[in-house]
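Dumped query39.cif below, it's mmCIF, C-alpha atoms:
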data_start
#
loop_
_atom_site.group_PDB
_atom_site.id
_atom_site.type_symbol
_atom_site.label_atom_id
_atom_site.label_comp_id
_atom_site.auth_asym_id
_atom_site.auth_seq_id
_atom_site.Cartn_x
_atom_site.Cartn_y
_atom_site.Cartn_z
ATOM 1 C CA MET A 6 65.551 -3.093 25.208
ATOM 2 C CA SER A 7 68.750 -4.933 25.693
ATOM 3 C CA ALA A 8 71.051 -4.668 28.656
ATOM 4 C CA THR A 9 73.810 -3.572 26.326
ATOM 5 C CA SER A 10 71.927 -0.631 24.920
ATOM 6 C CA HIS A 11 71.216 0.624 28.433
ATOM 7 C CA SER A 12 74.797 0.695 29.527
ATOM 8 C CA ILE A 13 75.827 2.612 26.410
ATOM 9 C CA ARG A 14 72.965 5.099 26.681
ATOM 10 C CA SER A 15 72.662 7.512 29.552
ATOM 11 C CA PRO A 16 69.270 7.809 31.309
ATOM 12 C CA ALA A 17 68.661 11.118 29.478
ATOM 13 C CA GLN A 18 69.287 9.478 26.089
ATOM 14 C CA TRP A 19 66.913 6.669 27.060
ATOM 15 C CA VAL A 20 64.134 9.168 27.832
ATOM 16 C CA VAL A 21 64.625 10.895 24.465
ATOM 17 C CA GLY A 22 64.662 7.504 22.703
ATOM 18 C CA PHE A 23 61.469 6.418 24.452
ATOM 19 C CA PHE A 24 59.489 9.444 23.311
ATOM 20 C CA ILE A 25 60.959 10.043 19.860
ATOM 21 C CA ASP A 26 62.721 7.023 18.357
ATOM 22 C CA ASP A 27 60.444 4.135 19.127
ATOM 23 C CA GLY A 28 58.497 3.336 15.947
ATOM 24 C CA MET A 29 55.293 5.315 16.054
ATOM 25 C CA SER A 30 56.220 8.525 17.825
ATOM 26 C CA ALA A 31 54.696 9.317 21.186
ATOM 27 C CA LEU A 32 53.238 12.554 19.794
ATOM 28 C CA LEU A 33 51.317 10.643 17.128
ATOM 29 C CA THR A 34 50.025 8.264 19.802
ATOM 30 C CA ILE A 35 48.909 11.141 22.025
ATOM 31 C CA ALA A 36 47.193 12.814 19.037
ATOM 32 C CA TRP A 37 45.322 9.558 18.307
ATOM 33 C CA ILE A 38 44.278 9.260 21.967
ATOM 34 C CA GLY A 39 42.952 12.840 21.828
ATOM 35 C CA ILE A 40 40.920 12.175 18.653
ATOM 36 C CA VAL A 41 39.408 8.895 19.928
ATOM 37 C CA LEU A 42 38.647 10.459 23.315
ATOM 38 C CA ALA A 43 36.945 13.478 21.673
ATOM 39 C CA ILE A 44 34.778 11.221 19.441
ATOM 40 C CA ALA A 45 33.874 8.944 22.370
ATOM 41 C CA ARG A 46 32.807 11.867 24.579
ATOM 42 C CA VAL A 47 30.334 13.279 22.025
ATOM 43 C CA MET A 48 28.650 9.904 21.436
ATOM 44 C CA PRO A 49 25.037 10.177 22.613
ATOM 45 C CA ASN A 50 24.852 6.597 23.899
ATOM 46 C CA GLN A 51 27.002 6.486 27.062
ATOM 47 C CA ALA A 52 27.127 2.695 27.071
ATOM 48 C CA TRP A 53 29.091 2.738 23.821
ATOM 49 C CA GLN A 54 31.596 5.443 24.813
ATOM 50 C CA GLY A 55 33.908 3.018 26.624
ATOM 51 C CA VAL A 56 33.614 0.437 23.870
ATOM 52 C CA LEU A 57 34.553 3.028 21.236
ATOM 53 C CA LEU A 58 37.516 4.268 23.296
ATOM 54 C CA ALA A 59 38.837 0.733 23.873
ATOM 55 C CA GLY A 60 38.288 -0.193 20.219
ATOM 56 C CA GLY A 61 40.027 2.962 19.007
ATOM 57 C CA LEU A 62 43.055 2.494 21.252
ATOM 58 C CA SER A 63 43.480 -1.219 20.472
ATOM 59 C CA THR A 64 43.266 -0.307 16.768
ATOM 60 C CA LEU A 65 46.162 2.083 17.397
ATOM 61 C CA PHE A 66 48.166 -0.881 18.678
ATOM 62 C CA VAL A 67 47.431 -2.941 15.541
ATOM 63 C CA ILE A 68 48.344 0.013 13.276
ATOM 64 C CA SER A 69 51.656 0.465 15.140
ATOM 65 C CA ILE A 70 52.437 -3.234 14.525
ATOM 66 C CA ILE A 71 51.687 -2.892 10.794
ATOM 67 C CA LEU A 72 53.835 0.256 10.524
ATOM 68 C CA ARG A 73 56.724 -1.430 12.338
ATOM 69 C CA VAL A 74 56.552 -4.537 10.116
ATOM 70 C CA ARG A 75 56.516 -2.403 6.954
ATOM 71 C CA ARG A 76 59.498 -0.442 8.247
ATOM 72 C CA THR A 77 61.379 -3.657 9.066
ATOM 73 C CA ARG A 78 60.892 -4.901 5.485
ATOM 74 C CA MET B 30 42.104 -0.647 54.312
ATOM 75 C CA THR B 31 43.311 -2.244 51.079
ATOM 76 C CA ASN B 32 41.025 -4.725 49.405
ATOM 77 C CA TRP B 33 43.615 -7.213 48.196
ATOM 78 C CA ILE B 34 41.218 -8.980 45.825
ATOM 79 C CA HIS B 35 40.444 -5.625 44.200
ATOM 80 C CA ALA B 36 44.193 -4.845 44.153
ATOM 81 C CA GLY B 37 45.096 -8.179 42.511
ATOM 82 C CA PRO B 38 45.602 -6.919 38.926
ATOM 83 C CA THR B 39 47.750 -4.011 40.242
ATOM 84 C CA VAL B 40 49.992 -6.347 42.299
ATOM 85 C CA VAL B 41 50.382 -8.791 39.387
ATOM 86 C CA ALA B 42 51.178 -6.017 36.872
ATOM 87 C CA ALA B 43 53.735 -4.366 39.198
ATOM 88 C CA PHE B 44 55.330 -7.727 40.082
ATOM 89 C CA LEU B 45 55.712 -8.993 36.499
ATOM 90 C CA ALA B 46 56.877 -5.647 35.074
ATOM 91 C CA SER B 47 59.385 -5.144 37.898
ATOM 92 C CA LEU B 48 60.638 -8.717 37.472
ATOM 93 C CA VAL B 49 61.674 -7.928 33.881
ATOM 94 C CA GLU B 50 63.400 -4.699 34.926
ATOM 95 C CA PHE B 51 65.239 -6.284 37.885
ATOM 96 C CA VAL B 52 66.522 -9.136 35.670
ATOM 97 C CA GLU B 53 67.934 -6.604 33.165
ATOM 98 C CA ALA B 54 69.513 -4.503 35.926
ATOM 99 C CA PHE B 55 70.971 -7.644 37.524
ATOM 100 C CA THR B 56 72.618 -8.661 34.222
ATOM 101 C CA ILE B 57 74.267 -5.245 33.867
ATOM 102 C CA VAL B 58 75.528 -5.145 37.471
ATOM 103 C CA LEU B 59 76.747 -8.757 37.259
ATOM 104 C CA ALA B 60 78.734 -7.979 34.096
ATOM 105 C CA ALA B 61 80.187 -4.776 35.590
ATOM 106 C CA GLY B 62 81.122 -6.484 38.860
ATOM 107 C CA THR B 63 82.567 -9.641 37.321
ATOM 108 C CA VAL B 64 84.583 -7.932 34.560
ATOM 109 C CA ARG B 65 85.616 -4.646 36.202
ATOM 110 C CA GLY B 66 85.420 -5.356 39.929
ATOM 111 C CA TRP B 67 82.692 -5.352 42.565
ATOM 112 C CA ARG B 68 83.828 -2.250 44.444
ATOM 113 C CA GLY B 69 83.023 0.074 41.560
ATOM 114 C CA ALA B 70 79.860 -1.854 40.643
ATOM 115 C CA TRP B 71 78.455 -1.643 44.193
ATOM 116 C CA ALA B 72 79.295 2.068 44.345
ATOM 117 C CA GLY B 73 77.293 2.563 41.123
ATOM 118 C CA VAL B 74 74.354 0.571 42.534
ATOM 119 C CA VAL B 75 74.305 2.555 45.792
ATOM 120 C CA ALA B 76 74.529 5.902 43.941
ATOM 121 C CA ALA B 77 71.693 4.875 41.603
ATOM 122 C CA LEU B 78 69.502 3.769 44.554
ATOM 123 C CA ALA B 79 70.147 7.136 46.245
ATOM 124 C CA ALA B 80 69.202 8.965 43.027
ATOM 125 C CA LEU B 81 66.046 6.836 42.743
ATOM 126 C CA ALA B 82 65.078 7.653 46.340
ATOM 127 C CA LEU B 83 65.389 11.376 45.525
ATOM 128 C CA ILE B 84 63.288 10.909 42.366
ATOM 129 C CA VAL B 85 60.583 9.081 44.374
ATOM 130 C CA LEU B 86 60.519 11.800 47.063
ATOM 131 C CA ALA B 87 60.422 14.636 44.523
ATOM 132 C CA GLY B 88 57.948 12.842 42.244
ATOM 133 C CA GLY B 89 55.643 11.965 45.144
ATOM 134 C CA SER B 90 55.355 15.561 46.334
ATOM 135 C CA VAL B 91 54.706 16.780 42.756
ATOM 136 C CA LEU B 92 52.025 14.122 42.124
ATOM 137 C CA GLU B 93 50.160 15.067 45.321
ATOM 138 C CA ARG B 94 49.493 18.527 43.864
ATOM 139 C CA PHE B 95 47.627 17.192 40.798
ATOM 140 C CA PRO B 96 43.840 16.678 40.855
ATOM 141 C CA LEU B 97 42.900 12.980 40.454
ATOM 142 C CA GLY B 98 41.357 13.519 36.999
ATOM 143 C CA GLN B 99 44.507 15.100 35.528
ATOM 144 C CA LEU B 100 46.693 12.522 37.275
ATOM 145 C CA ARG B 101 44.683 9.674 35.738
ATOM 146 C CA LEU B 102 44.903 11.228 32.252
ATOM 147 C CA GLY B 103 48.679 11.733 32.478
ATOM 148 C CA VAL B 104 49.314 8.327 34.013
ATOM 149 C CA GLY B 105 46.919 6.696 31.529
ATOM 150 C CA ILE B 106 48.726 8.179 28.514
ATOM 151 C CA LEU B 107 52.143 7.172 29.877
ATOM 152 C CA LEU B 108 50.893 3.675 30.712
ATOM 153 C CA LEU B 109 49.500 3.280 27.213
ATOM 154 C CA LEU B 110 52.769 4.470 25.634
ATOM 155 C CA PHE B 111 54.790 2.167 27.882
ATOM 156 C CA GLY B 112 52.435 -0.824 27.641
ATOM 157 C CA MET B 113 52.008 -0.669 23.873
ATOM 158 C CA ARG B 114 55.773 -0.373 23.451
ATOM 159 C CA TRP B 115 56.306 -3.613 25.390
ATOM 160 C CA LEU B 116 53.346 -5.346 23.749
ATOM 161 C CA ARG B 117 54.483 -4.309 20.247
ATOM 162 C CA LYS B 118 58.034 -5.517 20.836
ATOM 163 C CA SER B 119 56.983 -8.863 22.355
ATOM 164 C CA THR B 120 54.360 -9.405 19.617
ATOM 165 C CA LEU B 121 56.997 -8.851 16.911
ATOM 166 C CA ARG B 122 59.338 -11.220 18.767
ATOM 167 C CA ALA B 123 56.604 -13.872 19.037
ATOM 168 C CA ALA B 124 55.964 -13.496 15.286
ATOM 169 C CA GLY B 125 59.658 -13.921 14.502
ATOM 170 C CA ILE B 126 60.088 -10.415 13.050
ATOM 171 C CA ILE B 127 62.734 -9.402 15.598
ATOM 172 C CA ALA B 128 65.040 -11.668 17.584
ATOM 173 C CA LEU B 129 64.063 -12.909 21.046
ATOM 174 C CA HIS B 130 65.847 -11.259 23.944
ATOM 175 C CA ASP B 131 68.705 -13.458 25.135
ATOM 176 C CA GLU B 132 69.920 -12.576 28.640
ATOM 177 C CA SER B 133 73.061 -14.704 28.180
ATOM 178 C CA ALA B 134 73.938 -12.881 24.929
ATOM 179 C CA ALA B 135 73.201 -9.532 26.612
ATOM 180 C CA TYR B 136 75.597 -10.458 29.419
ATOM 181 C CA SER B 137 78.343 -11.555 26.979
ATOM 182 C CA SER B 138 77.956 -8.398 24.907
ATOM 183 C CA GLU B 139 77.997 -6.210 28.026
ATOM 184 C CA ALA B 140 81.068 -8.022 29.364
ATOM 185 C CA ALA B 141 82.889 -7.699 26.015
ATOM 186 C CA THR B 142 82.199 -3.947 25.959
ATOM 187 C CA LEU B 143 83.432 -3.579 29.537
ATOM 188 C CA ARG B 144 86.670 -5.440 28.772
ATOM 189 C CA THR B 145 87.557 -2.895 26.065
ATOM 190 C CA GLY B 146 87.706 -0.089 28.654
ATOM 191 C CA ALA B 147 90.972 1.089 30.179
ATOM 192 C CA SER B 148 92.219 -1.303 32.856
ATOM 193 C CA HIS B 149 92.433 -0.252 36.478
ATOM 194 C CA ALA B 150 94.991 -1.196 39.076
ATOM 195 C CA GLY B 151 92.879 -2.856 41.734
ATOM 196 C CA GLY B 152 91.302 0.325 43.114
ATOM 197 C CA PHE B 153 88.028 2.031 42.349
ATOM 198 C CA ASP B 154 86.853 1.376 38.774
ATOM 199 C CA ILE B 155 84.889 4.293 37.331
ATOM 200 C CA ILE B 156 83.689 2.281 34.297
ATOM 201 C CA ALA B 157 82.124 -0.372 36.557
ATOM 202 C CA ALA B 158 80.515 2.335 38.680
ATOM 203 C CA THR B 159 79.130 4.268 35.680
ATOM 204 C CA THR B 160 77.818 1.122 33.989
ATOM 205 C CA ALA B 161 76.100 -0.143 37.151
ATOM 206 C CA PHE B 162 74.755 3.368 37.889
ATOM 207 C CA ASN B 163 73.238 3.789 34.408
ATOM 208 C CA GLY B 164 71.778 0.283 34.369
ATOM 209 C CA VAL B 165 70.197 0.436 37.834
ATOM 210 C CA LEU B 166 68.959 4.020 37.367
ATOM 211 C CA VAL B 167 67.301 3.379 33.987
ATOM 212 C CA GLU B 168 65.682 0.099 35.056
ATOM 213 C CA GLY B 169 64.871 1.572 38.477
ATOM 214 C CA ILE B 170 63.107 4.581 36.928
ATOM 215 C CA GLU B 171 60.971 2.138 34.967
ATOM 216 C CA VAL B 172 60.112 0.242 38.184
ATOM 217 C CA VAL B 173 59.239 3.512 39.963
ATOM 218 C CA PHE B 174 57.121 4.601 37.005
ATOM 219 C CA ILE B 175 55.300 1.247 36.906
ATOM 220 C CA VAL B 176 54.556 1.355 40.652
ATOM 221 C CA ILE B 177 53.285 4.939 40.460
ATOM 222 C CA ALA B 178 51.352 4.340 37.249
ATOM 223 C CA THR B 179 49.606 1.172 38.383
ATOM 224 C CA GLY B 180 49.044 2.362 41.949
ATOM 225 C CA ALA B 181 48.704 6.146 42.182
ATOM 226 C CA ALA B 182 45.614 6.634 40.047
ATOM 227 C CA SER B 183 43.581 4.201 42.180
ATOM 228 C CA HIS B 184 45.177 4.756 45.628
ATOM 229 C CA LEU B 185 46.913 1.365 45.393
ATOM 230 C CA ILE B 186 50.533 2.486 45.787
ATOM 231 C CA ILE B 187 51.169 0.032 48.659
ATOM 232 C CA PRO B 188 49.943 -3.093 46.785
ATOM 233 C CA ALA B 189 51.915 -1.981 43.701
ATOM 234 C CA SER B 190 55.025 -1.452 45.871
ATOM 235 C CA VAL B 191 54.543 -4.902 47.429
ATOM 236 C CA GLY B 192 54.521 -6.402 43.923
ATOM 237 C CA ALA B 193 57.720 -4.556 42.933
ATOM 238 C CA VAL B 194 59.566 -5.392 46.173
ATOM 239 C CA ALA B 195 58.563 -9.067 45.826
ATOM 240 C CA ALA B 196 59.990 -9.074 42.294
ATOM 241 C CA GLY B 197 63.237 -7.551 43.582
ATOM 242 C CA ILE B 198 63.516 -10.195 46.309
ATOM 243 C CA VAL B 199 62.879 -13.004 43.781
ATOM 244 C CA VAL B 200 65.531 -11.725 41.341
ATOM 245 C CA LEU B 201 68.140 -11.020 44.031
ATOM 246 C CA SER B 202 67.574 -14.450 45.632
ATOM 247 C CA MET B 203 67.846 -16.250 42.293
ATOM 248 C CA GLY B 204 70.890 -14.184 41.345
ATOM 249 C CA PHE B 205 72.581 -14.829 44.689
ATOM 250 C CA LEU B 206 72.024 -18.584 44.339
ATOM 251 C CA LEU B 207 72.981 -18.878 40.663
ATOM 252 C CA ARG B 208 75.631 -16.134 40.414
ATOM 253 C CA ALA B 209 74.962 -16.042 36.669
ATOM 254 C CA PRO B 210 72.625 -14.224 34.223
ATOM 255 C CA LEU B 211 68.988 -15.264 34.792
ATOM 256 C CA THR B 212 68.559 -16.815 31.350
ATOM 257 C CA ARG B 213 65.596 -19.044 32.201
ATOM 258 C CA VAL B 214 63.220 -16.202 32.971
ATOM 259 C CA PRO B 215 60.696 -16.211 30.060
ATOM 260 C CA GLU B 216 61.295 -12.540 29.358
ATOM 261 C CA ASN B 217 59.269 -12.257 26.159
ATOM 262 C CA TRP B 218 56.128 -13.782 27.628
ATOM 263 C CA LEU B 219 56.518 -11.640 30.745
ATOM 264 C CA LYS B 220 56.768 -8.540 28.546
ATOM 265 C CA PHE B 221 53.778 -9.726 26.521
ATOM 266 C CA THR B 222 51.658 -10.179 29.676
ATOM 267 C CA VAL B 223 52.802 -6.900 31.192
ATOM 268 C CA GLY B 224 52.207 -5.080 27.885
ATOM 269 C CA VAL B 225 48.616 -6.365 27.879
ATOM 270 C CA LEU B 226 48.038 -5.333 31.519
ATOM 271 C CA LEU B 227 49.651 -1.875 31.245
ATOM 272 C CA SER B 228 47.771 -1.085 28.008
ATOM 273 C CA ALA B 229 44.502 -2.131 29.690
ATOM 274 C CA PHE B 230 45.249 0.008 32.776
ATOM 275 C CA GLY B 231 46.204 2.957 30.526
ATOM 276 C CA THR B 232 42.954 2.722 28.560
ATOM 277 C CA LEU B 233 40.962 2.446 31.817
ATOM 278 C CA TRP B 234 42.535 5.573 33.352
ATOM 279 C CA ILE B 235 42.201 7.634 30.146
ATOM 280 C CA GLY B 236 38.479 6.789 30.055
ATOM 281 C CA GLU B 237 38.026 7.463 33.786
ATOM 282 C CA SER B 238 39.764 10.843 33.472
ATOM 283 C CA ALA B 239 37.244 11.858 30.795
ATOM 284 C CA GLY B 240 34.276 10.633 32.837
ATOM 285 C CA ILE B 241 33.486 7.832 30.394
ATOM 286 C CA PRO B 242 31.443 5.083 32.091
ATOM 287 C CA TRP B 243 33.002 1.650 31.586
ATOM 288 C CA PRO B 244 30.714 -1.346 31.026
ATOM 289 C CA GLY B 245 31.387 -3.487 34.114
ATOM 290 C CA GLY B 246 32.902 -0.681 36.220
ATOM 291 C CA ASP B 247 36.314 -1.506 37.765
ATOM 292 C CA ALA B 248 36.004 -5.107 36.542
ATOM 293 C CA SER B 249 36.274 -3.766 32.990
ATOM 294 C CA ILE B 250 40.053 -4.169 33.373
ATOM 295 C CA VAL B 251 39.374 -7.857 32.604
ATOM 296 C CA TRP B 252 37.672 -7.332 29.239
ATOM 297 C CA LEU B 253 40.107 -4.524 28.337
ATOM 298 C CA ALA B 254 43.031 -6.896 28.967
ATOM 299 C CA GLY B 255 41.187 -9.556 26.926
ATOM 300 C CA LEU B 256 40.778 -7.070 24.069
ATOM 301 C CA TYR B 257 44.507 -6.241 23.988
ATOM 302 C CA LEU B 258 45.413 -9.930 24.370
ATOM 303 C CA CYS B 259 43.230 -10.917 21.402
ATOM 304 C CA SER B 260 44.555 -7.976 19.324
ATOM 305 C CA ALA B 261 48.181 -8.931 20.072
ATOM 306 C CA LEU B 262 47.642 -12.661 19.415
ATOM 307 C CA ALA B 263 45.806 -11.921 16.151
ATOM 308 C CA ALA B 264 48.552 -9.463 15.104
ATOM 309 C CA ALA B 265 51.309 -11.970 15.949
ATOM 310 C CA SER B 266 49.542 -14.707 13.988
ATOM 311 C CA TRP B 267 48.880 -12.464 10.968
ATOM 312 C CA VAL B 268 52.378 -10.960 10.944
ATOM 313 C CA GLY B 269 53.977 -14.388 11.424
ATOM 314 C CA ARG B 270 52.022 -15.867 8.473
ATOM 315 C CA SER B 271 52.708 -12.958 6.133
ATOM 316 C CA HIS B 272 56.400 -12.931 7.097
ATOM 317 C CA THR B 273 57.040 -16.599 6.141
#

Spell out the structure here as structure tokens.
Amino acid sequence: MSATSHSIRSPAQWVVGFFIDDGMSALLTIAWIGIVLAIARVMPNQAWQGVLLAGGLSTLFVISIILRVRRTR
Amino acid sequence: MTNWIHAGPTVVAAFLASLVEFVEAFTIVLAAGTVRGWRGAWAGVVAALAALALIVLAGGSVLERFPLGQLRLGVGILLLLFGMRWLRKSTLRAAGIIALHDESAAYSSEAATLRTGASHAGGFDIIAATTAFNGVLVEGIEVVFIVIATGAASHLIIPASVGAVAAGIVVLSMGFLLRAPLTRVPENWLKFTVGVLLSAFGTLWIGESAGIPWPGGDASIVWLAGLYLCSALAAASWVGRSHT
């Protein structure tokens, strides 16, 4: 986020940009969080619930990188 | 009584994240003041600080009404969105996919834009005031969010605030001494580190809100940060290789 873009955008435009424009949309991210959280909670082995949640959310990060690179090309 | 060793990751995350935001706000205010005049720029800064104080007061009273579980889920999701955004951007910059942030170029661009505005005759300059207001408010909201997000869910608001205030003092002191854009701050690596920390905090709070037991308890923030660090480094390496 450059200084220039901030001065052109108003705070309201920045909020909209943050949730809608930034690569993978926030809604998609929240949906992914919900799915991973639901799977983790029904796992019978409690010790693995945290590991699955962390693995699922870090995978989301890697996917968002791949999507952004493909979009840049 | 705050356990400052326990609060360490919160202080570090709030300090580093706020440092980035204060540097960006400083660049905008410096450009507005230098090009358009300091009277308007200071008026914008003061108005933005007043607006931020109102946001903090209103936000604080709203947050107090939420049960801790819901607060942690909401804060966790926002932290993850915010942290991954920073981590993604800094990873792509490290891999050479997008250009590194250049504070000097940002200042020049901001100054050039400000010079195109209608000139003023020595009095109050509304363009300087609006520019400084927008810059300080947007960056300030991010600082407020970071302090609340890293501190509220674990009752560590004071350590998080200490981190943010320290960052503000560092940036203002450096800016006062140099009177120029703070170009030597390693912004991309700061964003990378903060992205790792905020993503780890976000994951921790989301799990806590759902009652998921973390291996290692509160210390799991360390292996969560390690997981995001390794993911980001591996992604940067892979993307960098495939891009060349």

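Closest to Ala229 (chain B) among B:Ala87, B:Ala43, B:Val214, B:Ala254 is B:Ala254, based on only C-alpha atoms.
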
| request: For CA of Val56 (chain A) and CA of Leu253 (chain B), quote the distance in Å rounded to one decimal. | output: 9.3 Å

I need the residue set behind the PyMOL selection byres ((chain B) within 9 of (chain A)) for this file; please write it as a PDB file with C-alpha atoms, in the coordinates of the input.
ATOM      1  CA  GLU B  53      67.934  -6.604  33.165  1.00  0.00           C
ATOM      2  CA  ALA B  54      69.513  -4.503  35.926  1.00  0.00           C
ATOM      3  CA  THR B  56      72.618  -8.661  34.222  1.00  0.00           C
ATOM      4  CA  ILE B  57      74.267  -5.245  33.867  1.00  0.00           C
ATOM      5  CA  ILE B 106      48.726   8.179  28.514  1.00  0.00           C
ATOM      6  CA  LEU B 109      49.500   3.280  27.213  1.00  0.00           C
ATOM      7  CA  LEU B 110      52.769   4.470  25.634  1.00  0.00           C
ATOM      8  CA  PHE B 111      54.790   2.167  27.882  1.00  0.00           C
ATOM      9  CA  MET B 113      52.008  -0.669  23.873  1.00  0.00           C
ATOM     10  CA  ARG B 114      55.773  -0.373  23.451  1.00  0.00           C
ATOM     11  CA  LEU B 116      53.346  -5.346  23.749  1.00  0.00           C
ATOM     12  CA  ARG B 117      54.483  -4.309  20.247  1.00  0.00           C
ATOM     13  CA  LYS B 118      58.034  -5.517  20.836  1.00  0.00           C
ATOM     14  CA  THR B 120      54.360  -9.405  19.617  1.00  0.00           C
ATOM     15  CA  LEU B 121      56.997  -8.851  16.911  1.00  0.00           C
ATOM     16  CA  ILE B 126      60.088 -10.415  13.050  1.00  0.00           C
ATOM     17  CA  ILE B 127      62.734  -9.402  15.598  1.00  0.00           C
ATOM     18  CA  HIS B 130      65.847 -11.259  23.944  1.00  0.00           C
ATOM     19  CA  ASP B 131      68.705 -13.458  25.135  1.00  0.00           C
ATOM     20  CA  GLU B 132      69.920 -12.576  28.640  1.00  0.00           C
ATOM     21  CA  ALA B 135      73.201  -9.532  26.612  1.00  0.00           C
ATOM     22  CA  TYR B 136      75.597 -10.458  29.419  1.00  0.00           C
ATOM     23  CA  SER B 138      77.956  -8.398  24.907  1.00  0.00           C
ATOM     24  CA  GLU B 139      77.997  -6.210  28.026  1.00  0.00           C
ATOM     25  CA  THR B 142      82.199  -3.947  25.959  1.00  0.00           C
ATOM     26  CA  THR B 159      79.130   4.268  35.680  1.00  0.00           C
ATOM     27  CA  THR B 160      77.818   1.122  33.989  1.00  0.00           C
ATOM     28  CA  ALA B 161      76.100  -0.143  37.151  1.00  0.00           C
ATOM     29  CA  PHE B 162      74.755   3.368  37.889  1.00  0.00           C
ATOM     30  CA  ASN B 163      73.238   3.789  34.408  1.00  0.00           C
ATOM     31  CA  GLY B 164      71.778   0.283  34.369  1.00  0.00           C
ATOM     32  CA  LEU B 166      68.959   4.020  37.367  1.00  0.00           C
ATOM     33  CA  VAL B 167      67.301   3.379  33.987  1.00  0.00           C
ATOM     34  CA  GLU B 168      65.682   0.099  35.056  1.00  0.00           C
ATOM     35  CA  ILE B 170      63.107   4.581  36.928  1.00  0.00           C
ATOM     36  CA  SER B 228      47.771  -1.085  28.008  1.00  0.00           C
ATOM     37  CA  ALA B 229      44.502  -2.131  29.690  1.00  0.00           C
ATOM     38  CA  THR B 232      42.954   2.722  28.560  1.00  0.00           C
ATOM     39  CA  LEU B 233      40.962   2.446  31.817  1.00  0.00           C
ATOM     40  CA  ILE B 235      42.201   7.634  30.146  1.00  0.00           C
ATOM     41  CA  GLY B 236      38.479   6.789  30.055  1.00  0.00           C
ATOM     42  CA  ALA B 239      37.244  11.858  30.795  1.00  0.00           C
ATOM     43  CA  GLY B 240      34.276  10.633  32.837  1.00  0.00           C
ATOM     44  CA  ILE B 241      33.486   7.832  30.394  1.00  0.00           C
ATOM     45  CA  PRO B 242      31.443   5.083  32.091  1.00  0.00           C
ATOM     46  CA  TRP B 243      33.002   1.650  31.586  1.00  0.00           C
ATOM     47  CA  PRO B 244      30.714  -1.346  31.026  1.00  0.00           C
ATOM     48  CA  LEU B 253      40.107  -4.524  28.337  1.00  0.00           C
ATOM     49  CA  LEU B 256      40.778  -7.070  24.069  1.00  0.00           C
ATOM     50  CA  TYR B 257      44.507  -6.241  23.988  1.00  0.00           C
ATOM     51  CA  SER B 260      44.555  -7.976  19.324  1.00  0.00           C
ATOM     52  CA  ALA B 261      48.181  -8.931  20.072  1.00  0.00           C
ATOM     53  CA  ALA B 264      48.552  -9.463  15.104  1.00  0.00           C
ATOM     54  CA  ALA B 265      51.309 -11.970  15.949  1.00  0.00           C
ATOM     55  CA  VAL B 268      52.378 -10.960  10.944  1.00  0.00           C
ATOM     56  CA  HIS B 272      56.400 -12.931   7.097  1.00  0.00           C
TER      57      HIS B 272
END

| request: For CA of Ala60 (chain B) and CA of Ala140 (chain B), quote the distance in Å rounded to one decimal. | output: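 Taking CA of Ala60 (chain B) and CA of Ala140 (chain B), their separation equals 5.3 Å.
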
| CA of Ala123 (chain B) to CA of Phe221 (chain B), distance in Å rounded to a single decimal | 9.0 Å

Region 203-239 of chain B residues near region 63-80 of chain B within 12 Å, closest pair each, using only C-alpha atoms, as a tab-separated table:
residue	atom	partner	partner_atom	distance
B:Arg208	CA	B:Thr63	CA	10.0
B:Ala209	CA	B:Thr63	CA	10.0
B:Pro210	CA	B:Thr63	CA	11.4

Give me the residues within 12 Å of Leu207 (chain B) as a PDB file with C-alpha atoms, in the frame of the given file, counting all atoms listed in the file and dropping any in the same chain fewer than 6 places off.
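The resulting file, around-v4.pdb, is shown below:
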ATOM      1  CA  PHE B  55      70.971  -7.644  37.524  1.00  0.00           C
ATOM      2  CA  LEU B  59      76.747  -8.757  37.259  1.00  0.00           C
ATOM      3  CA  VAL B 200      65.531 -11.725  41.341  1.00  0.00           C
ATOM      4  CA  LEU B 201      68.140 -11.020  44.031  1.00  0.00           C
ATOM      5  CA  ARG B 213      65.596 -19.044  32.201  1.00  0.00           C
TER       6      ARG B 213
END

| Mind telling me what the PyMOL selection byres ((chain B and resi 97) around 10) catches here, as a PyMOL selection string? | chain B and resi 92-96+98-103+181-184+237-238

Put those residues in a file: C-alpha atoms, as a PDB file, in the coordinates of the input.
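Output (selection_22.pdb):
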ATOM      1  CA  LEU B  92      52.025  14.122  42.124  1.00  0.00           C
ATOM      2  CA  GLU B  93      50.160  15.067  45.321  1.00  0.00           C
ATOM      3  CA  ARG B  94      49.493  18.527  43.864  1.00  0.00           C
ATOM      4  CA  PHE B  95      47.627  17.192  40.798  1.00  0.00           C
ATOM      5  CA  PRO B  96      43.840  16.678  40.855  1.00  0.00           C
ATOM      6  CA  GLY B  98      41.357  13.519  36.999  1.00  0.00           C
ATOM      7  CA  GLN B  99      44.507  15.100  35.528  1.00  0.00           C
ATOM      8  CA  LEU B 100      46.693  12.522  37.275  1.00  0.00           C
ATOM      9  CA  ARG B 101      44.683   9.674  35.738  1.00  0.00           C
ATOM     10  CA  LEU B 102      44.903  11.228  32.252  1.00  0.00           C
ATOM     11  CA  GLY B 103      48.679  11.733  32.478  1.00  0.00           C
ATOM     12  CA  ALA B 181      48.704   6.146  42.182  1.00  0.00           C
ATOM     13  CA  ALA B 182      45.614   6.634  40.047  1.00  0.00           C
ATOM     14  CA  SER B 183      43.581   4.201  42.180  1.00  0.00           C
ATOM     15  CA  HIS B 184      45.177   4.756  45.628  1.00  0.00           C
ATOM     16  CA  GLU B 237      38.026   7.463  33.786  1.00  0.00           C
ATOM     17  CA  SER B 238      39.764  10.843  33.472  1.00  0.00           C
TER      18      SER B 238
END

| request: Excluding Ala42 (chain B) and any residue of its chain fewer than 4 positions from it, enumerate the residues within 10 Å of it, using all atoms listed in the file, and give them as a list in words. | output: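 After dropping sequence-adjacent residues, the list is Gly37, Pro38, Ala46, Ser47, Leu48, Ile175, Val176, Thr179, Ala189, Gly192, Ala193, Leu219, Thr222, Val223, Gly224, Val225, Leu226, Leu227 and Phe230 of chain B.
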